[in-house]
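What follows is a short report on a single structure.
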Amino acid sequence: EAELPTSLRLERLTRQALPDLEDGRQFVILSAPSGGGKGTVGKLLEERGFGRMPRFTTRQARPGEVNGADYFFVTREEFLRRESAGEFLQTAETHGELRASSRVLLKEYLDAGRKFYVEGSAGAYLEFINHPDVKSTRYLSAFLLPPSFEVLEQRLRGRADTIDETEIRERLAKAVEHLEKTRSYPYDAYFVNDQAERVADAIAKDAE
């Protein structure tokens with residue numbers, strides 16, 4: 001084990017420390033820095049029987065994204081109205097756009113009794129898990145680590161058709177900030193996203 005890279009040792013140690021829950025885990029909170037692979041791993045979890053709980057966002061839909069499946073795309077006014085009404089578990093602002101997870105949807109998904117996952121912003125993670133509606137649930141919080149900073153940058157630059165150089169630099173800076181924060185955040189387990197299929201299998205197993 002001493003020969004393993006530090007990140008993989010962290011993955012192994014945190015997974016080994018996961019407690020067994022008698023009634024199992026109800027859902028997965030999937031966090032990662034921008035470019036960390038949340039979307040890819042999430043799609044693979046869906047292939048393994050997990051539902052996706054979409055969040056609300058004020059940004060425009062990207063090519064191929066479906067309203068109500070990937071996100072609920074709403075105006076800033078509609079978002080702020082829902083926030084004022086107490087409909088959200090947490091809110092976050094990324095690159096000038098707002099995102100939030102819905103209290104109503106969480107209850108609906110829990111009541112359905114099916115395994116699901118929700119993407120959790122690393123910046124708003126503490127607000128999410130400390131909300132009373134979440135504290136009473138059983139979940140696995142998983143943080144995806146990039147194999148290296150170089151790989152993270154390559155992934156972001158691979159999106160050059162949808163984001164420009166300025167945003168790439170902003171996302172890299174934000175990724176470093178999120179990685180720093182995770183050192184003190186209480187994630188249940190860390191996963192090195194070197195092979196998305198492997199990571200999805202591991203998360204699905206740990207979420208049992």
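Residue numbering restarts at 1 for every chain of the structure tokens, chains are lettered A, B, ... in their displayed order, and ligands are numbered from 1 as they appear.
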
Skip Ala124 (chain A) itself and residues of its chain fewer than 2 positions away, then list as a PyMOL selection string all residues within 8 Å of it, counting only C-alpha atoms. chain A and resi 90-92+120-122+126-128

Residues within 10 Å of Glu11 (chain A), please, as a PyMOL selection string. Count only C-alpha atoms; anything in the same chain fewer than 6 positions from it doesn't count. chain A and resi 143-145+189-192

Grab the residues selected above and save them as a PDB file, in the first residue's frame with all heavy atoms.
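part25.pdb, written as the output of this step:
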```pdb
ATOM      1  N   PHE A 143     -16.471  12.324  -3.005  1.00  0.00           N
ATOM      2  CA  PHE A 143     -15.752  13.407  -3.689  1.00  0.00           C
ATOM      3  C   PHE A 143     -14.815  12.793  -4.708  1.00  0.00           C
ATOM      4  O   PHE A 143     -14.008  11.915  -4.390  1.00  0.00           O
ATOM      5  CB  PHE A 143     -14.952  14.258  -2.709  1.00  0.00           C
ATOM      6  CG  PHE A 143     -14.397  15.505  -3.340  1.00  0.00           C
ATOM      7  CD1 PHE A 143     -15.154  16.667  -3.388  1.00  0.00           C
ATOM      8  CD2 PHE A 143     -13.132  15.522  -3.910  1.00  0.00           C
ATOM      9  CE1 PHE A 143     -14.659  17.826  -3.979  1.00  0.00           C
ATOM     10  CE2 PHE A 143     -12.624  16.664  -4.509  1.00  0.00           C
ATOM     11  CZ  PHE A 143     -13.391  17.822  -4.548  1.00  0.00           C
ATOM     12  N   LEU A 144     -14.925  13.264  -5.959  1.00  0.00           N
ATOM     13  CA  LEU A 144     -14.082  12.754  -7.038  1.00  0.00           C
ATOM     14  C   LEU A 144     -12.806  13.569  -7.138  1.00  0.00           C
ATOM     15  O   LEU A 144     -12.845  14.786  -7.343  1.00  0.00           O
ATOM     16  CB  LEU A 144     -14.829  12.815  -8.373  1.00  0.00           C
ATOM     17  CG  LEU A 144     -16.177  12.091  -8.445  1.00  0.00           C
ATOM     18  CD1 LEU A 144     -16.750  12.220  -9.856  1.00  0.00           C
ATOM     19  CD2 LEU A 144     -16.040  10.640  -8.046  1.00  0.00           C
ATOM     20  N   LEU A 145     -11.682  12.902  -6.999  1.00  0.00           N
ATOM     21  CA  LEU A 145     -10.385  13.546  -7.148  1.00  0.00           C
ATOM     22  C   LEU A 145      -9.861  13.326  -8.564  1.00  0.00           C
ATOM     23  O   LEU A 145      -9.959  12.212  -9.094  1.00  0.00           O
ATOM     24  CB  LEU A 145      -9.380  12.949  -6.156  1.00  0.00           C
ATOM     25  CG  LEU A 145      -9.617  13.214  -4.670  1.00  0.00           C
ATOM     26  CD1 LEU A 145      -8.747  12.277  -3.833  1.00  0.00           C
ATOM     27  CD2 LEU A 145      -9.313  14.661  -4.334  1.00  0.00           C
ATOM     28  N   ALA A 189     -16.174   9.479   1.602  1.00  0.00           N
ATOM     29  CA  ALA A 189     -15.121   8.760   0.877  1.00  0.00           C
ATOM     30  C   ALA A 189     -14.667   9.561  -0.327  1.00  0.00           C
ATOM     31  O   ALA A 189     -15.422  10.349  -0.899  1.00  0.00           O
ATOM     32  CB  ALA A 189     -15.630   7.386   0.418  1.00  0.00           C
ATOM     33  N   TYR A 190     -13.407   9.346  -0.683  1.00  0.00           N
ATOM     34  CA  TYR A 190     -12.806   9.993  -1.845  1.00  0.00           C
ATOM     35  C   TYR A 190     -12.537   8.922  -2.905  1.00  0.00           C
ATOM     36  O   TYR A 190     -12.164   7.795  -2.579  1.00  0.00           O
ATOM     37  CB  TYR A 190     -11.490  10.682  -1.463  1.00  0.00           C
ATOM     38  CG  TYR A 190     -11.684  11.859  -0.545  1.00  0.00           C
ATOM     39  CD1 TYR A 190     -11.836  11.676   0.824  1.00  0.00           C
ATOM     40  CD2 TYR A 190     -11.724  13.148  -1.046  1.00  0.00           C
ATOM     41  CE1 TYR A 190     -12.026  12.759   1.678  1.00  0.00           C
ATOM     42  CE2 TYR A 190     -11.916  14.243  -0.206  1.00  0.00           C
ATOM     43  CZ  TYR A 190     -12.066  14.034   1.154  1.00  0.00           C
ATOM     44  OH  TYR A 190     -12.259  15.097   1.996  1.00  0.00           O
ATOM     45  N   PHE A 191     -12.732   9.304  -4.166  1.00  0.00           N
ATOM     46  CA  PHE A 191     -12.520   8.384  -5.274  1.00  0.00           C
ATOM     47  C   PHE A 191     -11.654   9.075  -6.321  1.00  0.00           C
ATOM     48  O   PHE A 191     -11.950  10.199  -6.721  1.00  0.00           O
ATOM     49  CB  PHE A 191     -13.857   7.979  -5.903  1.00  0.00           C
ATOM     50  CG  PHE A 191     -14.775   7.247  -4.962  1.00  0.00           C
ATOM     51  CD1 PHE A 191     -15.579   7.959  -4.076  1.00  0.00           C
ATOM     52  CD2 PHE A 191     -14.822   5.862  -4.946  1.00  0.00           C
ATOM     53  CE1 PHE A 191     -16.418   7.299  -3.201  1.00  0.00           C
ATOM     54  CE2 PHE A 191     -15.653   5.195  -4.075  1.00  0.00           C
ATOM     55  CZ  PHE A 191     -16.460   5.910  -3.194  1.00  0.00           C
ATOM     56  N   VAL A 192     -10.592   8.400  -6.730  1.00  0.00           N
ATOM     57  CA  VAL A 192      -9.718   8.958  -7.759  1.00  0.00           C
ATOM     58  C   VAL A 192     -10.324   8.617  -9.115  1.00  0.00           C
ATOM     59  O   VAL A 192     -10.394   7.445  -9.497  1.00  0.00           O
ATOM     60  CB  VAL A 192      -8.290   8.386  -7.650  1.00  0.00           C
ATOM     61  CG1 VAL A 192      -7.403   8.986  -8.740  1.00  0.00           C
ATOM     62  CG2 VAL A 192      -7.711   8.677  -6.274  1.00  0.00           C
TER      63      VAL A 192
END
```

What are the DSSP helix (DSSP H, G or I) residues of chain A, as a PyMOL selection string? chain A and resi 6-16+38-47+76-84+103-112+122-129+132-135+149-157+165-181+196-206

So which one's closest to Gly113 (chain A), A:Phe72, A:Thr14, A:Gly51, A:Lys38? Using only C-alpha atoms, please.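 For Gly113 (chain A), the nearest of the given residues is A:Gly51.
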
Which of A:Glu47, A:Ser34, A:Thr6, A:Asp20 sits closest to Asp201 (chain A) [using only C-alpha atoms]: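 Ranked by minimum distance to Asp201 (chain A), first place goes to A:Glu47.
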
Can you tell me, as a PyMOL selection string, what residues are no more than 12 Å from Leu21 (chain A) when counting only C-alpha atoms, ignoring any on the same chain fewer than 6 positions away? chain A and resi 137-140+206-208

Any chance you can output those residues with C-alpha atoms as a PDB file, in the first residue's frame?
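Output (again_19.pdb):
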```pdb
ATOM      1  CA  THR A 137     -31.303  10.864   5.838  1.00  0.00           C
ATOM      2  CA  ARG A 138     -28.750   8.134   5.112  1.00  0.00           C
ATOM      3  CA  TYR A 139     -26.390   9.052   2.294  1.00  0.00           C
ATOM      4  CA  LEU A 140     -22.930   8.434   0.901  1.00  0.00           C
ATOM      5  CA  ASP A 206     -20.365   1.586  -1.216  1.00  0.00           C
ATOM      6  CA  ALA A 207     -23.867   3.013  -1.508  1.00  0.00           C
ATOM      7  CA  GLU A 208     -25.500  -0.335  -0.786  1.00  0.00           C
TER       8      GLU A 208
END
```

As an exercise, work out the distance from CA of Ile29 (chain A) to CA of Pro5 (chain A) in Å and give it to one decimal place. 24.8 Å

For the atom pair CA of Val41 (chain A) and CA of Gly24 (chain A), what is the interatomic distance in Å to one decimal place?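 So the answer is 20.9 Å.
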